[in-house]
$ cat query-v9.txt   # compact mmCIF, C-alpha atoms
# COMPACT_ATOMS: atom_id res chain seq x y z
CA MET X 1 3.59 -30.38 51.91
CA LEU X 2 2.01 -27.72 49.72
CA ARG X 3 3.93 -24.50 49.19
CA TYR X 4 2.59 -21.29 47.70
CA ILE X 5 5.52 -19.24 46.44
CA TYR X 6 5.73 -16.13 44.29
CA SER X 7 8.57 -16.24 41.80
CA ASP X 8 10.47 -13.44 43.52
CA THR X 9 10.86 -15.55 46.67
CA LEU X 10 11.73 -18.85 44.96
CA TYR X 11 15.39 -18.14 45.78
CA LEU X 12 14.57 -19.00 49.39
CA TYR X 13 13.90 -22.59 48.23
CA PRO X 14 16.83 -23.34 45.90
CA LYS X 15 16.46 -27.14 45.86
CA LEU X 16 12.70 -27.01 45.39
CA ALA X 17 12.92 -24.39 42.62
CA ALA X 18 15.73 -26.09 40.68
CA SER X 19 14.02 -29.48 40.81
CA MET X 20 10.73 -27.92 39.69
CA PHE X 21 12.28 -26.35 36.60
CA ARG X 22 14.16 -29.60 35.86
CA ASP X 23 10.98 -31.65 36.24
CA ARG X 24 9.25 -29.25 33.89
CA ALA X 25 11.98 -29.84 31.30
CA ASP X 26 11.52 -33.58 31.83
CA GLN X 27 7.76 -33.43 31.42
CA PHE X 28 7.38 -30.89 28.63
CA ARG X 29 10.49 -31.58 26.53
CA GLU X 30 11.46 -35.20 27.22
CA ARG X 31 8.06 -36.82 27.69
CA LEU X 32 5.77 -34.58 25.63
CA GLY X 33 8.34 -33.43 23.08
CA TRP X 34 7.20 -29.83 23.17
CA GLU X 35 9.49 -27.12 21.88
CA VAL X 36 10.19 -25.49 25.20
CA SER X 37 13.38 -23.70 26.11
CA VAL X 38 15.70 -25.51 28.48
CA ASP X 39 18.87 -23.87 29.82
CA ASP X 40 22.31 -25.44 30.34
CA LYS X 41 21.31 -26.54 33.84
CA GLY X 42 18.46 -28.53 32.35
CA GLU X 43 15.76 -26.16 33.62
CA GLU X 44 12.70 -25.20 31.60
CA ARG X 45 11.38 -21.63 31.77
CA ASP X 46 9.17 -19.55 29.53
CA GLN X 47 8.34 -15.84 29.27
CA TYR X 48 5.55 -16.12 31.85
CA ASP X 49 7.95 -17.23 34.58
CA ALA X 50 9.44 -13.73 34.28
CA LEU X 51 6.12 -12.08 35.26
CA ASN X 52 6.41 -13.02 38.94
CA PRO X 53 3.71 -15.68 38.90
CA LEU X 54 2.48 -17.56 41.94
CA TYR X 55 3.61 -21.21 42.02
CA VAL X 56 1.88 -23.91 43.97
CA ILE X 57 4.37 -26.68 44.62
CA TRP X 58 4.11 -30.08 46.23
CA GLU X 59 7.33 -30.46 48.24
CA ASN X 60 8.54 -34.00 48.86
CA ALA X 61 9.87 -35.01 52.27
CA ASP X 62 13.45 -34.51 51.02
CA GLY X 63 12.74 -30.94 49.92
CA SER X 64 12.51 -31.72 46.23
CA HIS X 65 9.71 -31.01 43.77
CA GLY X 66 6.83 -33.49 43.46
CA GLY X 67 4.47 -31.45 41.33
CA SER X 68 3.52 -27.87 40.61
CA MET X 69 1.45 -25.38 38.72
CA ARG X 70 1.67 -21.69 37.97
CA PHE X 71 -0.89 -18.91 38.38
CA LEU X 72 -1.26 -15.45 36.82
CA PRO X 73 -4.31 -13.16 36.77
CA THR X 74 -5.96 -12.81 33.36
CA THR X 75 -5.93 -9.02 33.75
CA GLY X 76 -2.28 -9.11 32.72
CA ARG X 77 -0.25 -11.02 30.14
CA VAL X 78 -1.21 -14.68 30.09
CA MET X 79 -0.57 -17.68 27.89
CA VAL X 80 -4.23 -18.51 27.27
CA ASN X 81 -4.81 -15.12 25.67
CA GLU X 82 -1.47 -14.58 23.95
CA ILE X 83 -0.84 -18.07 22.61
CA PHE X 84 -4.17 -19.88 22.76
CA GLY X 85 -6.48 -16.91 22.12
CA HIS X 86 -8.03 -18.76 19.17
CA LEU X 87 -9.31 -21.43 21.59
CA THR X 88 -10.99 -19.04 24.01
CA GLY X 89 -13.99 -17.66 22.16
CA GLY X 90 -12.16 -15.50 19.65
CA GLY X 91 -10.76 -12.95 22.08
CA PRO X 92 -9.10 -12.55 25.43
CA ILE X 93 -10.68 -13.78 28.63
CA THR X 94 -10.07 -11.03 31.15
CA SER X 95 -11.14 -10.64 34.76
CA PRO X 96 -9.44 -10.28 38.13
CA LEU X 97 -11.77 -13.09 39.23
CA ILE X 98 -10.33 -15.47 36.62
CA TRP X 99 -6.74 -16.66 37.01
CA GLU X 100 -4.73 -18.62 34.52
CA CYS X 101 -3.23 -21.93 35.62
CA THR X 102 -0.44 -23.33 33.44
CA ARG X 103 2.63 -25.60 33.51
CA PHE X 104 0.81 -28.22 35.56
CA CYS X 105 3.65 -30.66 36.10
CA LEU X 106 4.22 -33.89 38.00
CA SER X 107 7.67 -35.31 38.67
CA ARG X 108 8.35 -38.85 37.45
CA GLY X 109 6.90 -41.20 39.98
CA ALA X 110 4.46 -38.68 41.44
CA GLY X 111 1.00 -40.10 41.29
CA SER X 112 -2.56 -38.92 41.33
CA LYS X 113 -2.24 -38.09 45.04
CA VAL X 114 0.13 -35.25 44.25
CA ALA X 115 -2.14 -34.11 41.43
CA ALA X 116 -5.08 -34.15 43.85
CA ALA X 117 -3.07 -32.16 46.42
CA LEU X 118 -2.40 -29.49 43.80
CA MET X 119 -6.07 -29.34 42.88
CA LEU X 120 -6.86 -28.95 46.55
CA ALA X 121 -4.51 -25.96 46.64
CA GLY X 122 -6.45 -24.52 43.72
CA GLY X 123 -9.56 -24.77 45.85
CA GLU X 124 -7.83 -22.93 48.71
CA ILE X 125 -6.86 -20.13 46.35
CA MET X 126 -10.43 -19.78 45.11
CA THR X 127 -11.85 -19.67 48.61
CA GLY X 128 -9.09 -17.54 50.08
CA PHE X 129 -8.81 -14.94 47.33
CA GLY X 130 -12.35 -14.72 45.96
CA ILE X 131 -11.37 -16.25 42.62
CA ARG X 132 -14.26 -17.73 40.60
CA HIS X 133 -12.57 -19.61 37.77
CA PHE X 134 -9.24 -20.95 36.62
CA VAL X 135 -8.55 -21.15 32.93
CA GLY X 136 -5.76 -23.56 32.22
CA VAL X 137 -3.57 -25.05 29.52
CA PHE X 138 -2.86 -28.76 29.79
CA ASP X 139 -1.82 -31.83 27.85
CA ALA X 140 -3.63 -35.10 27.14
CA ARG X 141 -1.89 -36.99 29.95
CA MET X 142 -2.96 -34.41 32.51
CA GLN X 143 -6.50 -34.72 31.25
CA ARG X 144 -6.45 -38.43 32.14
CA ILE X 145 -5.05 -37.66 35.58
CA TYR X 146 -7.71 -35.01 36.20
CA ARG X 147 -10.35 -37.59 35.32
CA VAL X 148 -8.85 -40.08 37.76
CA ILE X 149 -8.96 -37.60 40.63
CA GLY X 150 -12.51 -36.60 39.73
CA SER X 151 -11.77 -32.99 38.82
CA SER X 152 -12.06 -32.75 35.08
CA PRO X 153 -11.92 -29.32 33.50
CA ASP X 154 -14.58 -28.00 31.19
CA LEU X 155 -12.94 -27.90 27.76
CA LEU X 156 -12.95 -24.57 25.91
CA GLY X 157 -10.91 -25.78 23.01
CA THR X 158 -8.34 -28.34 21.88
CA GLU X 159 -5.71 -28.44 19.18
CA GLY X 160 -3.24 -31.06 17.99
CA THR X 161 -3.46 -34.82 18.32
CA GLY X 162 -1.71 -37.57 20.25
CA ARG X 163 0.95 -36.33 22.60
CA ASP X 164 0.87 -32.91 20.90
CA ARG X 165 -2.69 -32.44 21.99
CA ILE X 166 -3.09 -29.24 24.01
CA SER X 167 -6.32 -28.11 25.58
CA VAL X 168 -7.61 -24.99 27.24
CA GLY X 169 -10.12 -25.63 29.96
CA LEU X 170 -11.85 -24.25 33.00
CA TRP X 171 -12.00 -25.26 36.62
CA GLU X 172 -14.24 -24.24 39.42
CA PHE X 173 -14.47 -25.76 42.88
CA THR X 174 -17.55 -26.33 44.87
CA GLU X 175 -17.10 -27.12 48.55
CA GLU X 176 -18.27 -30.65 47.78
CA ALA X 177 -15.65 -31.07 45.06
CA LYS X 178 -12.99 -29.74 47.41
CA ARG X 179 -13.93 -32.28 50.05
CA LYS X 180 -13.73 -35.14 47.57
CA ILE X 181 -10.36 -34.03 46.24
CA GLY X 182 -9.08 -33.70 49.80
CA LEU X 183 -10.03 -37.31 50.45
CA ARG X 184 -8.31 -38.35 47.23
CA ALA X 185 -5.16 -36.44 48.22
CA GLY X 186 -5.27 -37.84 51.74
CA ILE X 187 -5.08 -34.34 53.18
CA SER X 188 -7.49 -33.03 55.80
CA PRO X 189 -9.16 -29.64 55.26
CA GLN X 190 -7.42 -28.39 58.41
CA LEU X 191 -3.97 -29.32 57.19
CA SER X 192 -4.62 -27.86 53.76
CA ARG X 193 -5.78 -24.63 55.40
CA LEU X 194 -2.70 -24.58 57.63
CA TRP X 195 -0.37 -24.76 54.62
CA PHE X 196 -2.28 -21.93 52.94
CA ASP X 197 -2.15 -19.80 56.10
CA ARG X 198 1.53 -20.50 56.56
CA ALA X 199 2.21 -19.14 53.07
CA PHE X 200 -0.01 -16.08 53.23
CA GLY X 201 0.11 -15.19 56.91
CA GLY X 202 -2.24 -16.37 59.61
CA ALA X 203 -4.72 -14.03 61.22
CA HIS X 204 -2.68 -12.04 63.67
CA MET X 205 -2.27 -8.37 64.43
CA PRO X 206 -0.64 -6.59 67.35
CA GLU X 207 -2.69 -5.67 70.40
CA VAL X 208 -2.84 -2.03 69.46
CA ALA X 209 -4.99 -2.96 66.48
CA MET X 210 -7.28 -5.26 68.38
CA SER X 211 -8.02 -2.66 71.03
CA ALA X 212 -8.48 0.22 68.63
CA MET M 1 -25.28 -4.89 51.47
CA PRO M 2 -25.14 -2.01 49.01
CA ALA M 3 -28.02 -1.95 46.56
CA ALA M 4 -26.81 -3.19 43.18
CA VAL M 5 -28.59 -0.35 41.40
CA ASP M 6 -26.74 2.29 43.47
CA LEU M 7 -23.43 0.55 42.98
CA ASP M 8 -23.92 0.45 39.24
CA ARG M 9 -24.87 4.14 39.16
CA ILE M 10 -21.59 4.98 40.94
CA LEU M 11 -19.65 2.81 38.50
CA GLU M 12 -21.32 4.69 35.64
CA ASP M 13 -20.14 7.93 37.25
CA LEU M 14 -16.63 6.52 37.49
CA ASP M 15 -16.70 5.55 33.85
CA ALA M 16 -17.95 8.99 32.81
CA THR M 17 -15.54 11.12 34.82
CA ASP M 18 -12.42 12.56 33.27
CA THR M 19 -11.04 14.58 36.16
CA LEU M 20 -9.20 13.70 39.36
CA GLU M 21 -11.89 15.57 41.32
CA GLY M 22 -14.44 13.31 39.67
CA ILE M 23 -12.64 10.17 40.83
CA GLN M 24 -12.39 11.59 44.33
CA ALA M 25 -16.15 12.25 44.40
CA VAL M 26 -16.79 8.70 43.19
CA ILE M 27 -14.66 7.08 45.87
CA VAL M 28 -16.46 9.08 48.58
CA SER M 29 -19.87 7.90 47.37
CA MET M 30 -18.55 4.37 47.06
CA ARG M 31 -17.31 4.45 50.66
CA ASP M 32 -20.68 5.80 51.82
CA LEU M 33 -22.52 3.11 49.91
CA PHE M 34 -20.54 0.33 51.59
CA GLY M 35 -20.95 2.05 54.95
CA ILE M 36 -17.33 1.73 56.03
CA ASP M 37 -14.82 4.22 57.44
CA HIS M 38 -12.54 4.54 54.44
CA MET M 39 -11.90 3.62 50.87
CA VAL M 40 -8.58 4.49 49.26
CA TYR M 41 -6.94 4.07 45.89
CA HIS M 42 -3.16 4.43 45.97
CA TRP M 43 -0.93 4.36 42.91
CA VAL M 44 2.82 3.90 43.09
CA ASP M 45 4.86 3.98 39.90
CA SER M 46 8.27 2.46 39.25
CA ALA M 47 9.97 5.78 40.08
CA GLY M 48 8.30 5.79 43.50
CA GLU M 49 5.89 8.59 42.55
CA GLN M 50 2.58 8.36 44.41
CA TYR M 51 -0.88 9.38 43.49
CA GLY M 52 -4.11 8.59 45.21
CA CYS M 53 -7.63 9.41 46.08
CA GLY M 54 -9.75 8.39 48.98
CA THR M 55 -11.21 9.27 52.30
CA TYR M 56 -8.27 9.26 54.72
CA SER M 57 -7.82 12.68 56.34
CA ASP M 58 -5.53 15.23 54.72
CA GLU M 59 -3.49 15.24 57.92
CA TRP M 60 -2.84 11.50 57.68
CA ARG M 61 -1.98 11.72 54.00
CA ASP M 62 0.48 14.57 54.60
CA HIS M 63 1.97 12.79 57.61
CA TYR M 64 2.33 9.59 55.56
CA ILE M 65 4.23 11.42 52.87
CA ALA M 66 6.34 13.48 55.30
CA GLN M 67 7.34 10.36 57.26
CA ASN M 68 8.06 8.50 54.01
CA TYR M 69 5.79 5.76 55.37
CA ILE M 70 5.68 4.08 51.99
CA ARG M 71 8.93 2.45 53.15
CA ALA M 72 7.41 1.15 56.40
CA ASP M 73 3.77 0.52 55.50
CA PRO M 74 3.22 -3.26 55.89
CA VAL M 75 0.33 -3.04 53.44
CA ILE M 76 2.58 -1.69 50.69
CA ILE M 77 5.38 -4.10 51.58
CA GLY M 78 3.03 -7.08 51.76
CA CYS M 79 1.21 -6.30 48.52
CA PHE M 80 3.99 -5.07 46.25
CA GLN M 81 4.63 -7.53 43.40
CA ARG M 82 1.67 -9.65 44.53
CA PHE M 83 -1.76 -10.12 42.96
CA HIS M 84 -3.84 -11.70 45.69
CA PRO M 85 -6.08 -9.61 47.99
CA VAL M 86 -4.88 -9.26 51.56
CA ASP M 87 -6.68 -8.96 54.87
CA TRP M 88 -4.45 -6.70 56.98
CA LYS M 89 -4.46 -9.26 59.76
CA ARG M 90 -2.37 -11.53 57.55
CA LEU M 91 0.42 -8.97 57.17
CA ASP M 92 3.55 -8.74 59.26
CA TRP M 93 3.03 -5.96 61.81
CA SER M 94 5.71 -7.21 64.20
CA GLY M 95 8.56 -4.81 63.38
CA LYS M 96 9.18 -1.68 65.41
CA LEU M 97 8.58 0.62 62.44
CA ALA M 98 5.41 -1.23 61.51
CA ARG M 99 4.03 -0.93 65.03
CA GLN M 100 4.82 2.78 65.15
CA PHE M 101 3.19 3.21 61.75
CA LEU M 102 0.06 1.40 62.90
CA ALA M 103 -0.23 3.41 66.12
CA ASP M 104 0.13 6.60 64.07
CA ALA M 105 -2.45 5.45 61.55
CA LEU M 106 -5.01 4.55 64.21
CA ALA M 107 -4.47 7.89 65.95
CA SER M 108 -5.19 9.57 62.61
CA GLY M 109 -8.57 7.95 62.16
CA VAL M 110 -7.57 4.92 60.09
CA GLY M 111 -9.70 1.93 61.11
CA ASN M 112 -8.22 -1.20 62.65
CA GLN M 113 -9.47 -3.50 59.87
CA GLY M 114 -8.30 -3.43 56.29
CA TYR M 115 -8.64 -5.35 53.05
CA SER M 116 -6.25 -4.36 50.29
CA ILE M 117 -6.25 -5.41 46.67
CA PRO M 118 -2.98 -5.12 44.75
CA ILE M 119 -3.29 -4.31 41.07
CA ARG M 120 -0.63 -4.91 38.48
CA GLY M 121 -1.04 -2.59 35.56
CA PRO M 122 0.91 -2.45 32.32
CA ASN M 123 4.65 -1.62 32.33
CA GLY M 124 5.27 -2.27 35.99
CA GLN M 125 2.48 -0.01 37.20
CA PHE M 126 1.35 -0.92 40.71
CA ALA M 127 -1.67 0.24 42.66
CA LEU M 128 -3.52 -0.67 45.81
CA PHE M 129 -7.18 -0.36 46.59
CA THR M 130 -8.15 -0.54 50.24
CA ALA M 131 -11.36 -0.89 52.20
CA ASN M 132 -10.86 0.14 55.82
CA HIS M 133 -13.13 0.04 58.83
CA THR M 134 -13.34 -0.03 62.61
CA CYS M 135 -14.97 -3.19 63.92
CA ASP M 136 -14.21 -6.54 65.49
CA ASP M 137 -12.66 -9.44 63.62
CA ALA M 138 -15.89 -11.39 63.19
CA ALA M 139 -17.75 -8.45 61.68
CA TRP M 140 -14.86 -7.78 59.32
CA ALA M 141 -14.67 -11.41 58.26
CA ASP M 142 -18.38 -11.22 57.38
CA PHE M 143 -17.86 -8.02 55.44
CA ILE M 144 -14.99 -9.53 53.42
CA ASP M 145 -16.97 -12.68 52.83
CA SER M 146 -19.88 -10.72 51.39
CA HIS M 147 -17.97 -8.11 49.40
CA SER M 148 -14.52 -9.34 48.41
CA ARG M 149 -15.43 -9.96 44.78
CA ASP M 150 -17.24 -6.62 44.45
CA LEU M 151 -14.22 -4.87 45.92
CA ILE M 152 -11.77 -6.69 43.65
CA LEU M 153 -13.73 -5.59 40.57
CA ILE M 154 -14.13 -2.02 41.86
CA ALA M 155 -10.39 -1.85 42.57
CA HIS M 156 -9.62 -2.72 38.97
CA TYR M 157 -12.21 -0.27 37.64
CA PHE M 158 -10.52 2.52 39.59
CA ASN M 159 -7.15 1.51 38.23
CA ARG M 160 -8.45 1.38 34.69
CA LYS M 161 -9.74 4.92 35.10
CA ALA M 162 -6.46 6.11 36.65
CA LEU M 163 -4.53 4.66 33.71
CA GLU M 164 -6.57 6.86 31.37
CA PHE M 165 -4.80 9.85 32.92
CA GLU M 166 -1.37 8.52 31.96
CA PRO M 167 -0.02 10.69 29.17
CA GLU M 168 1.71 7.85 27.36
CA ARG M 169 -0.44 4.90 28.20
CA LYS M 170 -0.03 1.78 26.17
CA GLY M 171 -0.19 -1.96 26.48
CA GLU M 172 -3.58 -2.00 28.12
CA GLN M 173 -5.78 -5.01 27.74
CA SER M 174 -8.43 -4.71 25.12
CA ARG M 175 -11.91 -3.95 26.37
CA ALA M 176 -13.54 -5.18 23.16
CA LEU M 177 -15.87 -8.12 23.65
CA SER M 178 -14.82 -11.34 21.99
CA PRO M 179 -17.21 -12.93 19.44
CA ARG M 180 -18.29 -15.51 22.03
CA GLU M 181 -18.89 -12.80 24.63
CA VAL M 182 -20.99 -10.85 22.11
CA ASP M 183 -23.04 -14.02 21.42
CA ALA M 184 -23.61 -14.60 25.12
CA MET M 185 -24.58 -11.01 25.92
CA THR M 186 -26.88 -10.82 22.87
CA LEU M 187 -28.82 -13.93 23.85
CA LEU M 188 -29.07 -12.77 27.46
CA ALA M 189 -30.36 -9.40 26.21
CA MET M 190 -33.03 -11.29 24.27
CA GLY M 191 -34.26 -12.73 27.53
CA TYR M 192 -32.80 -16.22 27.22
CA SER M 193 -32.03 -18.00 30.48
CA ARG M 194 -28.44 -19.08 31.09
CA ALA M 195 -29.36 -22.67 30.34
CA GLN M 196 -30.93 -21.63 27.04
CA VAL M 197 -27.91 -19.50 26.12
CA ALA M 198 -25.50 -22.33 26.88
CA ASP M 199 -27.65 -24.73 24.90
CA THR M 200 -27.92 -22.37 21.93
CA LEU M 201 -24.16 -21.77 21.84
CA ALA M 202 -23.46 -25.47 22.45
CA ILE M 203 -21.25 -24.72 25.44
CA SER M 204 -21.51 -25.73 29.07
CA GLU M 205 -23.06 -23.39 31.61
CA HIS M 206 -19.68 -23.18 33.31
CA THR M 207 -18.06 -21.98 30.10
CA LEU M 208 -20.89 -19.50 29.67
CA ARG M 209 -20.26 -18.16 33.18
CA VAL M 210 -16.64 -17.49 32.26
CA TYR M 211 -17.63 -15.56 29.12
CA ILE M 212 -20.13 -13.55 31.13
CA GLU M 213 -17.53 -12.89 33.86
CA SER M 214 -15.03 -11.67 31.31
CA ALA M 215 -17.62 -9.50 29.50
CA ARG M 216 -18.77 -8.00 32.78
CA PHE M 217 -15.21 -6.95 33.59
CA LYS M 218 -14.57 -5.47 30.17
CA LEU M 219 -17.84 -3.51 30.45
CA GLY M 220 -17.00 -2.24 33.94
CA ALA M 221 -20.28 -3.55 35.30
CA GLN M 222 -21.18 -4.99 38.66
CA ASN M 223 -23.47 -7.80 37.60
CA THR M 224 -24.84 -9.51 34.52
CA THR M 225 -27.95 -7.34 34.22
CA HIS M 226 -25.87 -4.18 34.17
CA ALA M 227 -23.34 -5.71 31.82
CA VAL M 228 -26.12 -6.49 29.34
CA ALA M 229 -27.57 -2.98 29.71
CA ARG M 230 -24.16 -1.44 29.03
CA ALA M 231 -23.42 -3.61 26.05
CA LEU M 232 -26.77 -2.49 24.61
CA SER M 233 -26.38 1.20 25.38
CA ARG M 234 -22.88 1.25 23.91
CA GLY M 235 -24.08 -0.46 20.76
CA LEU M 236 -21.78 -3.45 21.30
CA ILE M 237 -24.68 -5.82 20.82
CA VAL M 238 -27.82 -5.48 18.77
CA VAL M 239 -31.03 -7.24 19.67
$ encode --input "query-v9.txt" --output "C-alpha cells"
Amino acid sequence: MLRYIYSDTLYLYPKLAASMFRDRADQFRERLGWEVSVDDKGEERDQYDALNPLYVIWENADGSHGGSMRFLPTTGRVMVNEIFGHLTGGGPITSPLIWECTRFCLSRGAGSKVAAALMLAGGEIMTGFGIRHFVGVFDARMQRIYRVIGSSPDLLGTEGTGRDRISVGLWEFTEEAKRKIGLRAGISPQLSRLWFDRAFGGAHMPEVAMSA
Amino acid sequence: MPAAVDLDRILEDLDATDTLEGIQAVIVSMRDLFGIDHMVYHWVDSAGEQYGCGTYSDEWRDHYIAQNYIRADPVIIGCFQRFHPVDWKRLDWSGKLARQFLADALASGVGNQGYSIPIRGPNGQFALFTANHTCDDAAWADFIDSHSRDLILIAHYFNRKALEFEPERKGEQSRALSPREVDAMTLLAMGYSRAQVADTLAISEHTLRVYIESARFKLGAQNTTHAVARALSRGLIVV
C-alpha cells in the first residue's frame, strides 16, 4: 500500500523507515556509486531529511519498503536550488505551488509497478493539495523507468554521464495521465484515494460543526 | 469569483504597507473580496509567541489567548510542522478539548468550514493562514476547488510581509528573478504567446509554465498579466 508520512512520524513505522533508508543506501551508494553519507546501520540520509519532508512510500505486504520519494516545498531549502541551481534557469525556482521531489528510490526487485504506484501518489498530492508542478532530481536508470511507465519528466538540465548522470526535471499530471498510470500500477482510483485519505484524514467533523 | 483586477490591487496594497494596521486593513478587504466570513493570518514563533491579524472578533481572540487554546486547537495541532493545506474536516476533532474548543469557536462567530494553509518560514518560523466560512460541505468543497491555489499564494504573501517586520530577519529566499525568468517575462511583455516564448527560448511549454509560476510568486502577483506588469514597473525587465 501507499503511505504518506512526514519525517516526524516515521518513528511510528520503524521497519518501513529503516528499510527505506537502507534501500536508499543500496540504490545511491552501491548501485549508482554516488558519494552519499551512510551511517553504521547502513542507512542513507542527507541534510534534507532533517527538514521534516513528506515521504511517499510503497509498503510491501511484510511491512518493508518497496519504493519511495521525498517532497519539500520550493519556498524553503531544497536540493534543486541549493545543489542543482545551475540546472534550473540560473536561479532558484520558488513557489508554494511547486514542490521538490527527490530521492526517488526502488528496492531491489521492485519493478515498474511500484514506480507507477509512486507516480500515482504524486498525482494525488497535486490534486489534493493544489500543487501544479514537481521539480525533481533523478538518475539515468529512473529516467528509463519513467519512460516505461509513460510518465517522463520534462528535462530542465542534465550533468554527468553514464551512471553519474543526474537530471533535474518537471512533472505535471493531467487526469488522463493519472488514469493511465493507475492502470499501469494496477491500482484503482478509489483505492488510491482511500490511501491518501487514510494518511491525511477523511472528511469528518463532529455533529456540532455540521449543524452550525 | 473575485475579480482578478481587484485581487491584484489588494496585493499591491499588501506589498506597499509597512504597518501592522496596514496588514489588518488588507486582510479585511481580502475577506470581503472573497465574500466569506473570515480570513486570518496567525504567526507562532518557536518561543510560542503569537501574532496575527484577521477578522475574528476581538472577544474570540481574547478568549482564545486566555484559554490558551493554542494547545487545544486542532488546526494548530494538525498543521504544525506540515506544509500541505488542510480542510478542517480532515482534522481530528474527536477529543473532549477539541470539541469544547469547536463549540466555543462556533458560539463566537467562527464559521463551521475552514481551510488552513501552514507556512514554514526561515529559522523555524511557523504561520497559518485560514479562510473560514459558514456553509454546507458541498458549497465549501466548490469554494476550495475554485480558490485553493489563490489562497495558498495569498497565504505566503502575507507571511512574506510579516517577516519584513522581524527585527533580525535573515535567510529569506531571494526574490530576484533568475535569468530564465527574466527572459520569459520579457518576451511575454513583448506580446509573445506562450508557445512563441517557449519556442524562442528553446524550452518546452511545461518548463516555461514553471518559470512563469516561480516568477509570479517572487513578484507577489496573482496571475501572469500582473506579474509581467510588476516586473515592468519595478524595472526588472526592459522591453
$ closest_residue --input "query-v9.txt" --among "X:Arg198, X:Arg165, X:Arg70, X:Arg193" --to "Trp34 of chain X" --atoms "only C-alpha atoms"
X:Arg165
$ closest_residue --input "query-v9.txt" --among "M:Ala3, M:Met185, M:Leu91, M:Ala202" --to "Val238 of chain M" --atoms "all atoms listed in the file"
M:Met185
$ interface_residues --input "query-v9.txt" --of "chain X" --to "chain M" --cutoff "10 Å" --atoms "only C-alpha atoms" --output "NGL selection string"
:X and (6-8 or 51-54 or 71-77 or 88-98 or 125 or 127-135 or 153-156 or 169-172 or 197-212)
$ atom_distance --input "query-v9.txt" --atom1 "atom CA of Ile27 of chain M" --atom2 "atom CA of Met39 of chain M"
6.7 Å
$ residues_around --input "query-v9.txt" --residues "Ile70 of chain M" --least-positions-apart "5" --cutoff "10 Å" --atoms "all atoms listed in the file" --output "PyMOL selection string"
chain M and resi 44+48+50+64-65+75-77
$ atom_distance --input "query-v9.txt" --atom1 "atom CA of Arg45 of chain X" --atom2 "atom CA of Arg24 of chain X"
8.2 Å
$ residues_around --input "query-v9.txt" --residues "Val26 of chain M" --least-positions-apart "6" --cutoff "10 Å" --atoms "all atoms listed in the file" --output "list in words"
Ile10, Leu11, Glu12, Asp13, Leu14, Asp15, Thr17, Leu20, Asp32, Cys53, Gly54 and Phe158 of chain M
$ atom_distance --input "query-v9.txt" --atom1 "atom CA of Ala116 of chain X" --atom2 "atom CA of Glu82 of chain X"
28.1 Å
$ closest_residue --input "query-v9.txt" --among "X:Met142, X:Met79, X:Val137, X:Met20" --to "Ile57 of chain X" --atoms "only C-alpha atoms"
X:Met20
$ residues_around --input "query-v9.txt" --residues "segment 180-192 of chain X" --least-positions-apart "2" --cutoff "8 Å" --atoms "all atoms listed in the file" --output "ChimeraX atom specification"
/X:2,112-117,119-121,124,149-151,176-178,194-196
$ residues_near_point --input "query-v9.txt" --point "(-19.6, 0.8, 45.5)" --cutoff "6 Å" --atoms "all atoms listed in the file" --output "list in words"
Leu7, Met30 and Leu33 of chain M
$ decode --input "query-v9.txt" --residues "segment 80-93 of chain M" --atoms "N, CA and C atoms" --output "short mmCIF file (atom, residue, chain, number, x, y, z; two decimals), in the first residue's frame"
data_model
loop_
_atom_site.label_atom_id
_atom_site.label_comp_id
_atom_site.auth_asym_id
_atom_site.auth_seq_id
_atom_site.Cartn_x
_atom_site.Cartn_y
_atom_site.Cartn_z
N PHE M 80 0.90 22.13 12.40
CA PHE M 80 2.26 22.41 12.86
C PHE M 80 3.24 21.39 12.27
N GLN M 81 4.34 21.90 11.74
CA GLN M 81 5.37 21.05 11.12
C GLN M 81 4.91 20.42 9.80
N ARG M 82 3.80 20.86 9.26
CA ARG M 82 3.33 20.33 7.98
C ARG M 82 3.48 21.40 6.91
N PHE M 83 3.30 21.04 5.64
CA PHE M 83 3.31 22.07 4.61
C PHE M 83 2.21 21.86 3.57
N HIS M 84 1.26 20.98 3.86
CA HIS M 84 0.15 20.84 2.93
C HIS M 84 -1.09 21.55 3.49
N PRO M 85 -1.91 22.15 2.61
CA PRO M 85 -3.12 22.83 3.07
C PRO M 85 -4.14 21.83 3.60
N VAL M 86 -4.93 22.27 4.55
CA VAL M 86 -5.83 21.36 5.26
C VAL M 86 -7.27 21.89 5.30
N ASP M 87 -8.19 21.07 4.82
CA ASP M 87 -9.61 21.35 5.03
C ASP M 87 -9.91 20.90 6.45
N TRP M 88 -10.59 21.76 7.23
CA TRP M 88 -10.80 21.44 8.65
C TRP M 88 -11.50 20.10 8.86
N LYS M 89 -12.27 19.70 7.87
CA LYS M 89 -12.98 18.42 8.02
C LYS M 89 -12.03 17.24 8.16
N ARG M 90 -10.81 17.43 7.66
CA ARG M 90 -9.84 16.33 7.70
C ARG M 90 -9.08 16.26 9.03
N LEU M 91 -9.32 17.22 9.91
CA LEU M 91 -8.59 17.24 11.17
C LEU M 91 -9.28 16.37 12.21
N ASP M 92 -8.59 16.10 13.28
CA ASP M 92 -9.13 15.27 14.35
C ASP M 92 -9.84 16.14 15.40
N TRP M 93 -11.17 16.13 15.34
CA TRP M 93 -11.96 16.93 16.27
C TRP M 93 -12.60 16.04 17.34
#
